[in-house]
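Asks: So here's structure-v5.txt, just compact mmCIF, C-alpha atoms:
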```txt
# COMPACT_ATOMS: atom_id res chain seq x y z
CA MET A 1 103.46 136.13 95.88
CA LEU A 2 101.57 139.36 95.94
CA ASP A 3 98.50 138.26 97.86
CA ALA A 4 96.45 141.32 96.91
CA LEU A 5 97.03 140.60 93.23
CA THR A 6 96.05 136.93 93.64
CA VAL A 7 92.83 137.91 95.40
CA ALA A 8 92.07 140.61 92.83
CA THR A 9 92.59 138.18 89.96
CA ALA A 10 90.41 135.53 91.58
CA VAL A 11 87.61 138.05 92.21
CA ALA A 12 87.88 139.41 88.65
CA ALA A 13 87.78 135.86 87.27
CA LEU A 14 84.65 135.04 89.25
CA ALA A 15 83.04 138.33 88.15
CA LEU A 16 83.82 137.45 84.53
CA ALA A 17 82.31 134.00 85.09
CA ALA A 18 79.13 135.52 86.54
CA TRP A 19 78.89 138.08 83.73
CA CYS A 20 79.27 135.49 80.96
CA GLY A 21 76.97 133.14 82.86
CA TRP A 22 74.36 135.91 82.82
CA ALA A 23 74.85 136.31 79.05
CA ALA A 24 74.35 132.55 78.64
CA TYR A 25 71.24 132.69 80.82
CA ARG A 26 69.84 135.32 78.47
CA ASP A 27 70.76 133.10 75.51
CA GLN A 28 73.42 135.49 74.17
CA PRO A 29 76.89 134.89 72.71
CA THR A 30 79.92 136.77 74.05
CA LYS A 31 79.96 140.39 72.85
CA ASP A 32 82.66 143.05 72.54
CA TRP A 33 82.20 144.10 76.16
CA HIS A 34 82.80 140.56 77.33
CA PHE A 35 86.03 140.46 75.35
CA ILE A 36 87.14 143.70 77.00
CA GLY A 37 86.41 142.01 80.34
CA MET A 38 88.46 138.98 79.30
CA ALA A 39 91.30 141.32 78.27
CA VAL A 40 91.24 142.95 81.73
CA VAL A 41 91.39 139.57 83.49
CA THR A 42 94.15 138.40 81.13
CA LEU A 43 96.10 141.59 81.86
CA LEU A 44 95.89 140.81 85.58
CA THR A 45 97.26 137.29 84.98
CA LEU A 46 100.03 138.76 82.81
CA VAL A 47 101.01 141.15 85.61
CA GLN A 48 100.92 138.17 87.97
CA LEU A 49 103.20 136.18 85.66
CA VAL A 50 105.71 139.05 85.56
CA VAL A 51 105.55 139.64 89.32
CA GLY A 52 105.99 135.90 89.95
CA ILE A 53 109.04 135.68 87.70
CA VAL A 54 110.56 138.81 89.25
CA GLN A 55 110.14 137.33 92.71
CA LEU A 56 111.77 134.07 91.59
CA ALA A 57 114.62 136.08 90.06
CA ARG A 58 115.09 137.83 93.40
CA GLY A 59 115.77 134.45 94.93
CA GLU A 60 112.47 133.82 96.71
CA LYS A 61 111.32 130.21 96.60
CA PRO A 62 107.75 128.92 96.36
CA GLU A 63 106.96 126.35 99.03
CA GLN A 64 105.93 123.55 96.65
CA GLY A 65 108.61 124.02 94.01
CA THR A 66 109.52 126.43 91.24
CA THR A 67 108.48 124.20 88.31
CA ILE A 68 104.94 123.76 89.58
CA PHE A 69 104.67 127.45 90.43
CA VAL A 70 105.73 128.58 86.95
CA SER A 71 103.43 126.01 85.25
CA TYR A 72 100.48 127.33 87.21
CA LEU A 73 101.40 130.94 86.38
CA ILE A 74 101.50 130.10 82.66
CA GLY A 75 98.30 128.07 82.92
CA ALA A 76 96.54 130.97 84.65
CA PHE A 77 97.73 133.33 81.92
CA ALA A 78 96.55 131.06 79.06
CA CYS A 79 93.24 130.05 80.63
CA VAL A 80 90.91 132.95 79.78
CA PRO A 81 92.31 133.75 76.30
CA ALA A 82 91.87 130.07 75.31
CA ALA A 83 88.24 130.12 76.43
CA GLY A 84 87.79 133.46 74.65
CA PHE A 85 88.97 132.08 71.31
CA MET A 86 86.66 129.10 71.72
CA SER A 87 83.73 131.45 72.29
CA LEU A 88 84.68 133.20 69.01
CA ALA A 89 84.23 129.89 67.23
CA GLU A 90 80.94 129.18 69.00
CA ARG A 91 78.66 132.19 68.60
CA THR A 92 75.87 130.89 70.82
CA ARG A 93 75.12 130.82 74.54
CA TRP A 94 77.46 127.82 74.78
CA GLY A 95 80.39 130.07 73.91
CA SER A 96 79.41 132.28 76.87
CA ILE A 97 79.19 129.22 79.16
CA THR A 98 82.67 128.17 78.01
CA VAL A 99 84.11 131.56 79.06
CA ALA A 100 82.20 131.34 82.36
CA ALA A 101 83.81 127.93 82.96
CA GLY A 102 87.17 129.48 82.09
CA GLY A 103 86.62 132.11 84.79
CA VAL A 104 85.84 129.45 87.39
CA VAL A 105 88.93 127.43 86.37
CA LEU A 106 91.07 130.58 86.71
CA ALA A 107 89.68 131.23 90.21
CA VAL A 108 90.61 127.66 91.20
CA LEU A 109 94.10 128.16 89.76
CA GLN A 110 94.47 131.29 91.91
CA VAL A 111 93.66 129.31 95.06
CA ARG A 112 96.23 126.70 94.02
CA LEU A 113 98.81 129.41 93.26
CA TYR A 114 98.30 130.81 96.75
CA ASP A 115 98.89 127.34 98.24
CA ILE A 116 101.92 126.64 96.07
CA TRP A 117 103.60 129.89 97.06
CA GLY A 118 102.97 129.00 100.68
CA GLY A 119 100.29 131.54 101.71
CA MET B 1 80.38 134.51 60.20
CA ALA B 2 83.72 135.31 61.71
CA VAL B 3 84.99 131.76 61.61
CA PRO B 4 85.76 130.74 58.01
CA ALA B 5 88.36 128.26 59.21
CA GLU B 6 85.66 126.15 60.81
CA GLU B 7 83.44 126.03 57.74
CA PRO B 8 84.83 122.89 56.03
CA ARG B 9 83.91 120.80 59.05
CA THR B 10 80.18 121.37 58.71
CA PRO B 11 78.40 118.34 57.31
CA GLY B 12 77.89 118.74 53.59
CA GLY B 13 74.90 116.39 53.32
CA PRO B 14 75.01 112.80 52.14
CA GLY B 15 77.69 112.21 49.56
CA SER B 16 78.43 115.85 48.79
CA PRO B 17 82.20 116.23 48.34
CA GLU B 18 84.02 118.81 50.40
CA ALA B 19 86.54 121.21 48.94
CA SER B 20 89.31 119.01 50.31
CA GLY B 21 87.82 115.89 48.74
CA LYS B 22 87.08 114.27 52.10
CA PRO B 23 83.53 113.33 53.06
CA GLY B 24 81.86 115.79 55.43
CA ARG B 25 82.44 115.00 59.06
CA THR B 26 79.88 115.52 61.76
CA ARG B 27 80.95 118.43 63.90
CA LEU B 28 80.99 117.33 67.51
CA ILE B 29 81.98 120.70 68.91
CA ARG B 30 78.79 122.61 68.23
CA GLY B 31 76.95 124.05 71.20
CA PRO B 32 77.52 122.06 74.40
CA GLY B 33 80.31 120.19 72.62
CA MET B 34 82.43 123.36 72.80
CA LEU B 35 82.09 123.45 76.58
CA LEU B 36 83.06 119.76 76.73
CA VAL B 37 86.17 120.37 74.63
CA TRP B 38 87.16 123.21 76.94
CA LEU B 39 86.73 121.14 80.10
CA TYR B 40 88.49 118.14 78.58
CA GLY B 41 91.28 120.44 77.41
CA VAL B 42 91.70 121.73 80.97
CA MET B 43 91.81 118.15 82.28
CA VAL B 44 94.41 117.17 79.65
CA VAL B 45 96.69 120.03 80.69
CA GLY B 46 96.06 119.30 84.38
CA ALA B 47 96.58 115.53 84.28
CA VAL B 48 99.44 115.41 81.77
CA SER B 49 101.50 118.21 83.30
CA ARG B 50 100.90 116.96 86.82
CA SER B 51 101.94 113.39 86.03
CA ALA B 52 104.89 114.59 83.93
CA VAL B 53 106.27 116.63 86.85
CA GLN B 54 105.63 113.89 89.38
CA ILE B 55 107.05 111.06 87.26
CA ALA B 56 110.11 113.16 86.42
CA THR B 57 110.85 114.25 89.99
CA GLU B 58 109.47 111.76 92.51
CA PHE B 59 108.32 108.64 90.68
CA ASP B 60 109.47 106.27 93.44
CA LYS B 61 107.23 107.90 96.02
CA ALA B 62 103.96 106.67 94.49
CA PRO B 63 104.54 104.92 91.15
CA LEU B 64 101.00 103.54 90.89
CA ALA B 65 99.31 106.88 91.53
CA TYR B 66 101.51 108.79 89.07
CA SER B 67 101.14 106.15 86.35
CA LEU B 68 97.37 106.26 86.73
CA SER B 69 97.42 110.06 86.40
CA ALA B 70 99.44 109.70 83.19
CA VAL B 71 96.96 107.15 81.79
CA ALA B 72 94.10 109.48 82.70
CA GLY B 73 95.87 112.29 80.84
CA LEU B 74 96.24 110.12 77.73
CA VAL B 75 92.56 109.14 77.79
CA TYR B 76 91.55 112.80 78.16
CA GLY B 77 93.85 113.72 75.30
CA PHE B 78 92.32 111.12 73.01
CA ILE B 79 88.75 112.19 73.83
CA THR B 80 89.62 115.85 73.21
CA TYR B 81 91.20 114.95 69.86
CA SER B 82 88.14 112.88 68.87
CA LEU B 83 85.74 115.68 69.76
CA VAL B 84 87.71 118.24 67.76
CA ARG B 85 88.15 115.91 64.78
CA GLY B 86 84.50 115.01 64.54
CA GLY B 87 82.81 112.34 62.44
CA GLU B 88 81.04 109.10 63.19
CA ARG B 89 84.12 106.99 63.95
CA ALA B 90 85.54 109.64 66.25
CA ARG B 91 82.16 109.90 67.95
CA ARG B 92 82.10 106.16 68.64
CA ALA B 93 85.74 106.14 69.76
CA ALA B 94 85.06 109.03 72.12
CA LEU B 95 82.00 107.25 73.48
CA VAL B 96 84.06 104.14 74.26
CA CYS B 97 86.77 106.24 75.90
CA CYS B 98 84.24 108.11 78.01
CA ALA B 99 82.88 104.78 79.24
CA ALA B 100 86.46 103.66 80.00
CA GLU B 101 87.10 106.96 81.76
CA LEU B 102 83.96 106.63 83.87
CA ALA B 103 84.92 103.05 84.78
CA GLY B 104 88.43 104.27 85.64
CA VAL B 105 87.15 107.05 87.89
CA LEU B 106 84.78 104.68 89.69
CA ILE B 107 87.34 101.87 90.09
CA VAL B 108 90.25 104.11 91.13
CA GLY B 109 87.95 106.23 93.31
CA THR B 110 86.74 103.15 95.16
CA TRP B 111 90.27 101.74 95.30
CA THR B 112 91.67 104.90 96.91
CA LEU B 113 88.95 104.79 99.55
CA ALA B 114 89.24 101.04 100.18
CA ASP B 115 93.03 100.78 100.24
CA PRO B 116 94.63 104.19 100.88
CA SER B 117 98.00 102.56 101.61
CA ALA B 118 98.42 101.75 97.88
CA PHE B 119 98.31 105.48 97.17
CA PRO B 120 100.86 107.50 99.19
CA ASP B 121 100.04 110.46 96.92
CA ALA B 122 96.81 111.43 95.14
CA THR B 123 95.95 110.71 91.50
CA VAL B 124 93.64 112.72 89.28
CA TRP B 125 90.97 110.11 89.97
CA SER B 126 91.46 109.78 93.75
CA ASP B 127 88.22 109.99 95.75
CA TYR B 128 86.23 110.16 92.49
CA GLY B 129 88.09 113.30 91.40
CA MET B 130 87.31 115.34 94.51
CA GLY B 131 90.51 117.37 94.10
CA TYR B 132 89.22 118.47 90.70
CA LEU B 133 85.73 119.52 91.87
CA PHE B 134 84.37 116.08 90.85
CA ILE B 135 84.79 117.11 87.21
CA PRO B 136 86.42 113.72 86.38
CA VAL B 137 83.25 111.85 87.35
CA LEU B 138 80.72 114.37 85.97
CA LEU B 139 82.44 114.97 82.63
CA PRO B 140 82.19 111.47 81.08
CA ILE B 141 78.50 111.21 81.98
CA THR B 142 77.75 114.58 80.37
CA ALA B 143 79.91 113.73 77.36
CA MET B 144 78.17 110.40 76.82
CA PHE B 145 74.76 112.10 76.80
CA TRP B 146 76.06 114.68 74.32
CA LEU B 147 77.67 112.09 72.04
CA ARG B 148 74.54 109.92 72.01
CA GLY B 149 72.43 112.96 71.14
CA SER B 150 74.74 114.01 68.30
CA ARG B 151 73.93 110.87 66.37
CA ALA B 152 70.20 111.57 66.41
CA VAL B 153 70.80 115.08 65.04
CA THR B 154 73.10 114.11 62.21
CA SER B 155 71.89 110.77 60.87
```
Please re-express this file's structure in structure tokens.
Replies:
Amino acid sequence: MLDALTVATAVAALALAAWCGWAAYRDQPTKDWHFIGMAVVTLLTLVQLVVGIVQLARGEKPEQGTTIFVSYLIGAFACVPAAGFMSLAERTRWGSITVAAGGVVLAVLQVRLYDIWGG
Amino acid sequence: MAVPAEEPRTPGGPGSPEASGKPGRTRLIRGPGMLLVWLYGVMVVGAVSRSAVQIATEFDKAPLAYSLSAVAGLVYGFITYSLVRGGERARRAALVCCAAELAGVLIVGTWTLADPSAFPDATVWSDYGMGYLFIPVLLPITAMFWLRGSRAVTS
């Protein structure tokens, strides 16, 4: 895997979590700017998904298996958008906390992805 | 509001018929409930996909551990469904399942510590869910508080 991309995505995910956590602390729902932030993080995971598939197509093998690697790539890609839609349905601070939790989950997935690829 | 699709789920007061003809259900995914649904959703995906891969590829290595992960995934799935569906019966069912989940985490967690040889590979509930940031043990407690509180608000 592209380590720089994994680190960048994890840092962006944690930044998103902190930003939405701050919104929740101030008792605010997610706003347009937060959704732009989610779009940026989602774009990173999309790039990661493409890079991962390209590397598999080139014949490189993840250490812990291709199936698990691809599942985690898809999970990482779906994580933040899913939380974002839930925050659209919950226009209170709890929607913001949900996105913050999504960011933390994505950061954990990045650590796992790093392990699965074999660091 | 931007969420017309969610409107029919709001309680319509005692006896007031909904557009669909069904009695109004208590929404369980307001406020903190939304966060719970998200975390349970993550656990469903995590536990079900993990056990599916492991049972399909290496079931003989640790049949007990993988079966327990699958059961955990089913319990999480049912709780998520109950929370999203809403209503008094779903609330009670979810409460029972959360208690079962908590018991499962505590029993399996203790079991993995007391007799590691029975578990050549980890389950979702190994070591009280340490591999999942202890979410498996924290989630049912939080959910039970939330579900108990929902009754006071709606009745």
Asks: Can I get the residues of segment 9-82 of chain A within 10 Å of segment 112-116 of chain A, each with the closest pair of atoms and their distance in Å to one decimal, using all atoms listed in the file, sorted chain first then ascending number, as a tab-separated table?
Replies:
```
residue	atom	partner	partner_atom	distance
A:Pro62	CA	A:Ile116	CA	6.3
A:Glu63	CA	A:Ile116	CA	5.9
A:Gln64	CA	A:Ile116	CA	5.1
A:Gly65	CA	A:Ile116	CA	7.5
A:Thr66	CA	A:Ile116	CA	9.0
A:Ile68	CA	A:Ile116	CA	7.7
A:Phe69	CA	A:Ile116	CA	6.3
A:Val70	CA	A:Leu113	CA	9.4
A:Ser71	CA	A:Leu113	CA	9.9
A:Tyr72	CA	A:Leu113	CA	6.6
A:Leu73	CA	A:Leu113	CA	7.5
A:Ala76	CA	A:Leu113	CA	9.0
```
Asks: Please provide as a PyMOL selection string all residues within 8 Å of Ala143 of chain B, with the sequence filter that same-chain residues fewer than 2 positions apart are discarded (counting only C-alpha atoms).
Replies: chain B and resi 36+95+98+139-141+145-147
Asks: Counting all atoms listed in the file, collect the residues of chain B whose closest atom lies at most 12 Å from chain A, and write them out as a PyMOL selection string.
Replies: chain B and resi 1-7+27-43+45-46+48-54+56-57+84+131-133+135
Asks: What is the distance, in Å and to one decimal place, between atom CA of Trp125 of chain B and atom CA of Thr112 of chain B?
Replies: 8.7 Å
Asks: How many Å lie between atom CA of Cys20 of chain A and atom CA of Val80 of chain A, rounded to one decimal?
Replies: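 Separation between atom CA of Cys20 of chain A and atom CA of Val80 of chain A: 12.0 Å.
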Asks: What is the atom CA of Phe134 of chain B to atom CA of Gly109 of chain B distance in Å?
Replies: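 Calculated distance between atom CA of Phe134 of chain B and atom CA of Gly109 of chain B is 10.8 Å.
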Asks: Give me the box for segment 127-142 of chain B as AutoDock Vina command-line options, namely the centre and edge lengths in Å to one decimal of a box along x, y and z that holds every listed atom plus 3 Å on each side.
Replies:
```
--center_x 84.1 --center_y 114.8 --center_z 88.1 --size_x 18.8 --size_y 15.5 --size_z 21.4
```
Asks: With distances taken over only C-alpha atoms, which of A:Leu56, A:Val41, A:Ala78, A:Val47 is nearest to Ala10 of chain A?
Replies: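 Closest candidate: A:Val41.
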Asks: Measuring atom to atom with all atoms listed in the file, identify which of B:Trp111, B:Val105, B:Ser150, B:Arg92 is nearest to Tyr128 of chain B.
Replies: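 That would be B:Val105, the residue with the smallest distance to Tyr128 of chain B.
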Asks: Take the point (82.4, 112.6, 61.7) as written in the file and pick out every residue within 7 Å of it, counting only C-alpha atoms; give the list as a list in words.
Replies: Arg25, Thr26, Arg27, Gly86, Gly87, Glu88, Arg89, Ala90 and Arg91 of chain B
Asks: Give me the residues within 10 Å of Thr42 of chain A as a ChimeraX atom specification, counting all atoms listed in the file and dropping any in the same chain fewer than 3 places off.
Replies: /A:9,12-13,36-39,45-48,76-81
Asks: Which residue, A:Ala23, A:Val40, A:Arg58, A:Leu2, has the smallest gap to Trp117 of chain A when you use only C-alpha atoms?
Replies: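 Answer, going by the shortest atom-to-atom distance: A:Leu2.
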Asks: Would you mind telling me which residue in A:Ile74, A:Gly118, A:Leu106, A:Glu60 lies nearest to Ala8 of chain A when using all atoms listed in the file?
Replies: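 Looking only at the distances to Ala8 of chain A, the closest residue turns out to be A:Leu106.
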Asks: Please identify all polymer residues within 7 Å of segment 58-69 of chain B, counting all atoms listed in the file, omitting same-chain residues fewer than 6 positions from it, and present them as a PyMOL selection string.
Replies: chain B and resi 47+51+119-124
Asks: Using the structure block above, produce a file of segment 6-31 of chain A that contains C-alpha atoms, as a PDB file, in the first residue's frame.
Replies:
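Saved to selection17.pdb:
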```
ATOM      1  CA  THR A   6      -2.770   5.674   4.547  1.00  0.00           C
ATOM      2  CA  VAL A   7      -1.211   8.116   7.008  1.00  0.00           C
ATOM      3  CA  ALA A   8      -2.812  11.111   5.281  1.00  0.00           C
ATOM      4  CA  THR A   9      -6.241   9.468   5.372  1.00  0.00           C
ATOM      5  CA  ALA A  10      -5.880   8.540   9.040  1.00  0.00           C
ATOM      6  CA  VAL A  11      -4.812  12.090   9.959  1.00  0.00           C
ATOM      7  CA  ALA A  12      -7.649  13.602   7.900  1.00  0.00           C
ATOM      8  CA  ALA A  13     -10.132  11.230   9.553  1.00  0.00           C
ATOM      9  CA  LEU A  14      -8.952  12.221  13.026  1.00  0.00           C
ATOM     10  CA  ALA A  15      -9.095  15.916  12.068  1.00  0.00           C
ATOM     11  CA  LEU A  16     -12.668  15.428  10.862  1.00  0.00           C
ATOM     12  CA  ALA A  17     -13.486  13.664  14.140  1.00  0.00           C
ATOM     13  CA  ALA A  18     -12.029  16.542  16.161  1.00  0.00           C
ATOM     14  CA  TRP A  19     -13.834  19.146  14.039  1.00  0.00           C
ATOM     15  CA  CYS A  20     -17.232  17.456  14.378  1.00  0.00           C
ATOM     16  CA  GLY A  21     -16.530  16.780  18.040  1.00  0.00           C
ATOM     17  CA  TRP A  22     -15.976  20.523  18.472  1.00  0.00           C
ATOM     18  CA  ALA A  23     -19.310  21.205  16.724  1.00  0.00           C
ATOM     19  CA  ALA A  24     -21.001  18.756  19.102  1.00  0.00           C
ATOM     20  CA  TYR A  25     -19.314  20.414  22.066  1.00  0.00           C
ATOM     21  CA  ARG A  26     -20.820  23.718  20.943  1.00  0.00           C
ATOM     22  CA  ASP A  27     -24.203  22.004  20.589  1.00  0.00           C
ATOM     23  CA  GLN A  28     -24.325  22.376  16.794  1.00  0.00           C
ATOM     24  CA  PRO A  29     -25.446  20.009  14.025  1.00  0.00           C
ATOM     25  CA  THR A  30     -23.185  19.281  11.050  1.00  0.00           C
ATOM     26  CA  LYS A  31     -23.098  22.204   8.610  1.00  0.00           C
TER      27      LYS A  31
END
```
